[in-house]
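Comments concern the structure below.
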Amino acid sequence: MNIAGYIYEYDNETLTIIAPFSDGYLLDKRQITGCEIRLDDGRRISADQRKKIYATMRDIADYTGYSPDEYKAIAKYNFIAKTGCDYFSLSDVDMTTANEFLSYIIEFCLEWDIPTQDSLLGRSPDTSRYLYACLANKRCCICGKKSELHHSDNIGTGRNRKEIMHSGMRAEALCRIHHTECHTIGQQTFDGKHHIYGIKLDDYLCKILKVRG
């Protein structure tokens with residue numbers, strides 16, 4: 001459930017929000033004590049965001065056999081069901097929702113190995129989230145092919161990769177070709193060339209990648 005409100009006060013540490021709400025029975029019945037706040041700065045979807053969203057939906061539609069309009073309806077319905085946001089139009093949706101929706105369909109491509117006309121890295125509105133999703137789905141963050149785990153932190157000569165604790169170490173999801181390229185030209189040059197960086201492994205990624213956390 002989304003509730004409209006306004007910022008009453010900000011003291012450099014805490015926001016005080018006032019949100020009119022009349023259904024006290026719902027709060028009491030479900031014992032709701034927490035909530036999430038999404039700040040809307042009034043900006044609308046940009047032409048670049050819209051272009052990337054429609055390009056990604058077209059790639060998915062081509063792969064799945066749906067028409068672009070059919071897939072758009074399905075994707076929006078699933079996104080709304082997952083996030084709980086209100087129905088929106090891609091003609092005037094706010095920038096925050098547009099970015100979230102774009103990340104959602106990009107991650108759908110990674111999860112289901114859907115080929116795209118160009119790199120999803122260039123379409124992603126959140127590079128860190130994209131690089132994390134590539135690790136989680138074992139897809140090369142540059143080309144989208146099946147990936148290997150590349151440690152961007154130097155493990156050190158003679159250390160057993162199967163025995164070390166990986167949690168907190170930085171890593172990248174790279175296919176064999178890009179993995180080889182990285183070792184050939186060096187980490188810093190490689191990252192600068194492709195505009196990527198290592199993501200710290202957490203317990204979830206360690207479990208997915210089957211390495212010691």
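Note on naming: chains are A, B, ... as they come in the structure tokens, residues start from 1 per chain, ligands start from 1 in the order shown.
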Could you list, as a PDB file with N, CA and C atoms, in the first residue's frame, every residue within 10 Å of His179 in chain A, counting only C-alpha atoms and ignoring same-chain residues fewer than 2 positions away?
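Writing done, so here's out11.pdb:
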```pdb
ATOM      1  N   CYS A 140      28.523 -12.752 -17.456  1.00  0.00           N
ATOM      2  CA  CYS A 140      29.595 -11.788 -17.656  1.00  0.00           C
ATOM      3  C   CYS A 140      29.027 -10.380 -17.678  1.00  0.00           C
ATOM      4  N   SER A 147      29.605 -16.817 -16.942  1.00  0.00           N
ATOM      5  CA  SER A 147      30.800 -16.220 -16.359  1.00  0.00           C
ATOM      6  C   SER A 147      31.541 -17.138 -15.397  1.00  0.00           C
ATOM      7  N   GLU A 148      32.764 -16.723 -15.123  1.00  0.00           N
ATOM      8  CA  GLU A 148      33.596 -17.304 -14.081  1.00  0.00           C
ATOM      9  C   GLU A 148      33.777 -16.240 -13.004  1.00  0.00           C
ATOM     10  N   LEU A 149      34.126 -16.672 -11.811  1.00  0.00           N
ATOM     11  CA  LEU A 149      34.366 -15.731 -10.723  1.00  0.00           C
ATOM     12  C   LEU A 149      35.793 -15.211 -10.808  1.00  0.00           C
ATOM     13  N   HIS A 150      35.921 -13.915 -10.985  1.00  0.00           N
ATOM     14  CA  HIS A 150      37.242 -13.295 -11.028  1.00  0.00           C
ATOM     15  C   HIS A 150      37.447 -12.440  -9.793  1.00  0.00           C
ATOM     16  N   HIS A 151      38.498 -12.690  -9.053  1.00  0.00           N
ATOM     17  CA  HIS A 151      38.813 -11.896  -7.879  1.00  0.00           C
ATOM     18  C   HIS A 151      39.579 -10.638  -8.305  1.00  0.00           C
ATOM     19  N   GLU A 172      34.441  -9.894  -9.734  1.00  0.00           N
ATOM     20  CA  GLU A 172      33.707  -9.537 -10.946  1.00  0.00           C
ATOM     21  C   GLU A 172      33.276 -10.815 -11.651  1.00  0.00           C
ATOM     22  N   ALA A 173      32.146 -10.738 -12.337  1.00  0.00           N
ATOM     23  CA  ALA A 173      31.666 -11.863 -13.142  1.00  0.00           C
ATOM     24  C   ALA A 173      32.148 -11.669 -14.574  1.00  0.00           C
ATOM     25  N   LEU A 174      33.076 -12.531 -15.017  1.00  0.00           N
ATOM     26  CA  LEU A 174      33.670 -12.393 -16.344  1.00  0.00           C
ATOM     27  C   LEU A 174      33.631 -13.723 -17.080  1.00  0.00           C
ATOM     28  N   CYS A 175      33.342 -13.675 -18.381  1.00  0.00           N
ATOM     29  CA  CYS A 175      33.415 -14.872 -19.203  1.00  0.00           C
ATOM     30  C   CYS A 175      34.888 -15.238 -19.399  1.00  0.00           C
ATOM     31  N   ARG A 176      35.137 -16.368 -19.992  1.00  0.00           N
ATOM     32  CA  ARG A 176      36.510 -16.828 -20.186  1.00  0.00           C
ATOM     33  C   ARG A 176      37.337 -15.815 -20.987  1.00  0.00           C
ATOM     34  N   ILE A 177      36.730 -15.258 -22.048  1.00  0.00           N
ATOM     35  CA  ILE A 177      37.473 -14.318 -22.899  1.00  0.00           C
ATOM     36  C   ILE A 177      37.845 -13.054 -22.126  1.00  0.00           C
ATOM     37  N   GLU A 181      41.444 -11.580 -20.789  1.00  0.00           N
ATOM     38  CA  GLU A 181      41.853 -10.210 -21.124  1.00  0.00           C
ATOM     39  C   GLU A 181      42.282  -9.456 -19.868  1.00  0.00           C
ATOM     40  N   CYS A 182      41.536  -9.631 -18.798  1.00  0.00           N
ATOM     41  CA  CYS A 182      41.855  -8.930 -17.551  1.00  0.00           C
ATOM     42  C   CYS A 182      43.236  -9.317 -17.040  1.00  0.00           C
ATOM     43  N   HIS A 183      43.529 -10.616 -17.072  1.00  0.00           N
ATOM     44  CA  HIS A 183      44.833 -11.071 -16.595  1.00  0.00           C
ATOM     45  C   HIS A 183      45.956 -10.628 -17.547  1.00  0.00           C
ATOM     46  N   THR A 184      45.613 -10.417 -18.809  1.00  0.00           N
ATOM     47  CA  THR A 184      46.617 -10.028 -19.798  1.00  0.00           C
ATOM     48  C   THR A 184      47.003  -8.562 -19.683  1.00  0.00           C
ATOM     49  N   PHE A 190      42.028  -2.922 -17.270  1.00  0.00           N
ATOM     50  CA  PHE A 190      40.809  -3.624 -17.679  1.00  0.00           C
ATOM     51  C   PHE A 190      39.567  -2.913 -17.144  1.00  0.00           C
TER      52      PHE A 190
END
```
Report the residues of range 32-111 of chain A whose backbone DSSP state falls under helix (DSSP H, G or I), written as a PyMOL selection string.
-> chain A and resi 47-64+68-83+95-111
Nearest to His195 in chain A, chosen from A:Pro20, A:Gly122, A:Gly5, A:Gly84, with only C-alpha atoms counted in the distances = A:Gly122
Nearest to Asp126 in chain A, chosen from A:Asp86, A:Ile196, A:Gly144, A:Leu27, with only C-alpha atoms counted in the distances =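 Checking each candidate against Asp126 in chain A, we get A:Ile196 as the closest.
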Based on DSSP run over this structure's backbone, return all residues of range 2-201 of chain A in strand (DSSP E), as a list in words.
->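 Selecting the strand (DSSP E) positions of range 2-201 of chain A gives Tyr6, Ile7, Tyr8, Glu9, Tyr10, Leu15, Thr16, Ile17, Ile18, Glu148, Leu149, His150, His151, Arg170, Ala171, Glu172, Ala173, Leu174, Ile199 and Lys200 of chain A.
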For those residues, write C-alpha atoms to a file as a PDB file, in the first residue's frame.
```
ATOM      1  CA  TYR A   6       4.977  15.304   2.998  1.00  0.00           C
ATOM      2  CA  ILE A   7       8.222  16.139   4.766  1.00  0.00           C
ATOM      3  CA  TYR A   8       7.417  18.110   7.922  1.00  0.00           C
ATOM      4  CA  GLU A   9      10.925  18.578   9.263  1.00  0.00           C
ATOM      5  CA  TYR A  10      14.555  17.616   8.659  1.00  0.00           C
ATOM      6  CA  LEU A  15      13.180  13.109   8.383  1.00  0.00           C
ATOM      7  CA  THR A  16       9.839  13.721  10.059  1.00  0.00           C
ATOM      8  CA  ILE A  17       7.067  12.640   7.693  1.00  0.00           C
ATOM      9  CA  ILE A  18       3.373  13.439   8.005  1.00  0.00           C
ATOM     10  CA  GLU A 148      33.596 -17.304 -14.081  1.00  0.00           C
ATOM     11  CA  LEU A 149      34.366 -15.731 -10.723  1.00  0.00           C
ATOM     12  CA  HIS A 150      37.242 -13.295 -11.028  1.00  0.00           C
ATOM     13  CA  HIS A 151      38.813 -11.896  -7.879  1.00  0.00           C
ATOM     14  CA  ARG A 170      35.915  -7.836  -4.317  1.00  0.00           C
ATOM     15  CA  ALA A 171      35.022  -9.843  -7.398  1.00  0.00           C
ATOM     16  CA  GLU A 172      33.707  -9.537 -10.946  1.00  0.00           C
ATOM     17  CA  ALA A 173      31.666 -11.863 -13.142  1.00  0.00           C
ATOM     18  CA  LEU A 174      33.670 -12.393 -16.344  1.00  0.00           C
ATOM     19  CA  ILE A 199      31.831  -5.862  -5.921  1.00  0.00           C
ATOM     20  CA  LYS A 200      32.330  -7.051  -2.357  1.00  0.00           C
TER      21      LYS A 200
END
```
